[in-house]
Amino acid sequence: MDNRRLVLILVFSFSLVMLWDGWQKHVQPRSSLVTAATPANGLVSPVGVGAVPSPSGVGVADLAAVAIKDAARAEVIRVETDLFLVDISSQGGDIVRLELKNHRATKDNNHAFVLFDDGAQHVYLAQSGVIGEGLPNHRSIWRAASDPRFLKEGDKALDVRLVADLAAGGQVVKTYTFHRGSYQIDVRHEGLPVGAFAYYQFTRDGKPAEEHGNAMMMAASTFTGPAVFTETEKFQKVSFSDLAKNKAKFANQADNGWLAMVQHYFVAAWLPPASIAREFYMRTVGEDLYSAGVILPVGADGKSAISLYAGPQELQNLKNIAPSLDLVVDYGWLTVIAAPLFWVLGMIHKLIGNWGWAIVFLTILIKLAFFPLSAASYKSMAKMRLVTPKLVKLKETYGDDKMRLNQEMMALYKKENINPLGGCLPILVQIPVFISLYWVLQGTVEMRNAPWIGWIKDLSAQDPYYVLPLLMGVTMFIQTKLNPAPPDPLQAKVMLMMPILFTGMFLFFPAGLVLYWTVNNLLSIAQQWHITRRIEASSKSA
């Protein structure tokens, strides 16, 4: 059998197996989760002073399920800025809903994307409070103590103050500071007793953030769940399934680092000040409900402050906000290729202002980078076309003696200076680039709802009219015809079927990825046709 075709068939078969495995993982029923968290009488202090009493005698995260139910009956404080539409509940003074005004909802472009949600589609809350008997936590009642609640034109920041009364007298003030043009929200507690501890946590269900409408997308969905970064332990993602099984492993204590809740395209992160001791915690608090947070000591001035980032995973912006926060952008296992690809893609986009055309120019650059390799491969394939009649004759002569047939074929390849595997190299080299670009398109928020031309309104979603996949199929068929015909009739039929099968798969790939593959095919056709024509002309003249 022609080894070159065998390699192609194996690559194609492996792709199908990987896709089927991803689909199987997606459709498997979710295992039943722990229905209640293990009660905790206290949390370990990040500064090593022993157990810190938890409010009401239970753990901080164990209050989450009760707080969610109570919040539904609480007063809602509506806040609007240039980037956010925020609902703050008087129950706990927590952010129970947050809309990103500059990003559209996945299924309805007429509405803003909802990150934090009070249960309409997801449960996802940003909660905070103070640990200690009689101190306000995310079950306590807070009241608004400031106006306005709208960021006025010309104002650079908006403070929203909440007050909780202490049973022993006095007040604790919680302040949210929203900044114009920023997805960072400063959260500050004042009036706390020295020696107390404040906690900041996310409580979320385990549902994926965005449901894609086809199996191909679901088979390669990005990570959703909590993550911790410290300088010692680096970036650690924790799956909801590990939390449910009490198998989660992550850095617990440090004097640096942050905690995030990661999902497709967006992230929320608690960013404590530098050089302050902190304790990270995660746990299951109900059926398909989890809490992950950080505990900070109250300062000598009775204050505790932290920054909350809630917004898109814009790579450069994340790099500027906190050390290694850009690691939340999920490029899969080929980050070493995907990250430089996106950097180049971003540079091109800055020049031309359209992500679709940036993909076209990136494809041209990639093709130029691999031009010598492709040229050598196409020369080998052109020579294969010339010796195909000789291969057919060898098969007719030695068809019953496989060992002798292989020996004669190898001798012919050597005589004609042909590498039988040379035609596989362009496809094999492109596979890592193809997969990396897939993850760039899937995991980069800049591609979300990014238009190209005409009917292509979102490069990260499939072509709604399947024009690009069908065009890709045509280009792949032309390439097949330019390749030397296999001597084996069965192989020939398989090779003719591959454009049809690949077209079927590409119907559900992101339009940006199909655009890359189609442009690459067109460039390959031009290069292969030119080389084949030149080799055949040289053969005739000889």
# chains A, B, ... in the order shown; residues from 1 in each chain; ligands from 1
>>> select_by_dssp(residues="segment 104-308 of chain A", states="strand (DSSP E or B)", output="MDAnalysis selection string")
chainID A and resid 104 112:118 123:131 141 143:144 150 157:165 171:179 184:190 197:205 225:230 234:237 253:254 258:262 266:271 278:286 289:297 304:308
>>> select_by_dssp(residues="segment 188-410 of chain A", states="helix (DSSP H, G or I)", output="number ranges by chain")
A: 215-219, 240-244, 315-321, 325-328, 332-352, 355-369, 371-398, 402-410
>>> residues_around(residues="segment 150-152 of chain A", least_positions_apart="2", cutoff="6 Å", atoms="only C-alpha atoms", output="PyMOL selection string")
chain A and resi 79-81+148+155+158
>>> closest_residue(among="A:Met409, A:Ala126, A:Val519, A:Leu373", to="Lys390 of chain A", atoms="only C-alpha atoms")
A:Met409
>>> residues_around(residues="Tyr281 of chain A", least_positions_apart="5", cutoff="7 Å", atoms="only C-alpha atoms", output="JSON, numbers by chain")
{"A": [252, 292, 293, 294]}
>>> residues_around(residues="Gly332 of chain A", least_positions_apart="5", cutoff="8 Å", atoms="only C-alpha atoms", output="JSON, numbers by chain")
{"A": [222, 436, 439]}
>>> write_last_selection(atoms="C-alpha atoms", output="mmCIF file, in the first residue's frame")
data_model
loop_
_atom_site.group_PDB
_atom_site.id
_atom_site.type_symbol
_atom_site.label_atom_id
_atom_site.label_comp_id
_atom_site.auth_asym_id
_atom_site.auth_seq_id
_atom_site.Cartn_x
_atom_site.Cartn_y
_atom_site.Cartn_z
ATOM 1 C CA THR A 222 -13.203 25.679 27.024
ATOM 2 C CA SER A 436 -3.968 26.175 17.603
ATOM 3 C CA TRP A 439 -8.428 27.380 20.074
#
>>> closest_residue(among="A:Glu99, A:Pro273, A:Thr284, A:Ile500", to="Ala248 of chain A", atoms="only C-alpha atoms")
A:Thr284
>>> residues_around(residues="segment 166-178 of chain A", least_positions_apart="6", cutoff="6 Å", atoms="only C-alpha atoms", output="VMD selection string")
chain A and resid 157 to 160 185 to 191
>>> write_last_selection(atoms="C-alpha atoms", output="compact mmCIF listing (two decimals), in the first residue's frame")
# COMPACT_ATOMS: atom_id res chain seq x y z
CA ALA A 157 -15.67 57.17 39.13
CA LEU A 158 -18.83 56.28 41.02
CA ASP A 159 -18.95 55.25 44.69
CA VAL A 160 -21.86 53.13 45.89
CA ILE A 185 -14.43 47.39 40.68
CA ASP A 186 -12.83 48.37 43.98
CA VAL A 187 -14.50 46.80 47.02
CA ARG A 188 -13.76 48.23 50.46
CA HIS A 189 -14.98 47.53 54.02
CA GLU A 190 -14.55 50.14 56.76
CA GLY A 191 -15.30 50.23 60.47
>>> closest_residue(among="A:Leu362, A:Ile418, A:Leu490, A:Ala526", to="His349 of chain A", atoms="only C-alpha atoms")
A:Leu362
>>> atom_distance(atom1="atom CA of Thr532 of chain A", atom2="atom CA of Thr480 of chain A")
13.3 Å
>>> closest_residue(among="A:Lys395, A:Lys234, A:Arg204, A:Lys414", to="Ser380 of chain A", atoms="only C-alpha atoms")
A:Lys414
>>> atom_distance(atom1="atom CA of Ser239 of chain A", atom2="atom CA of Pro226 of chain A")
7.1 Å
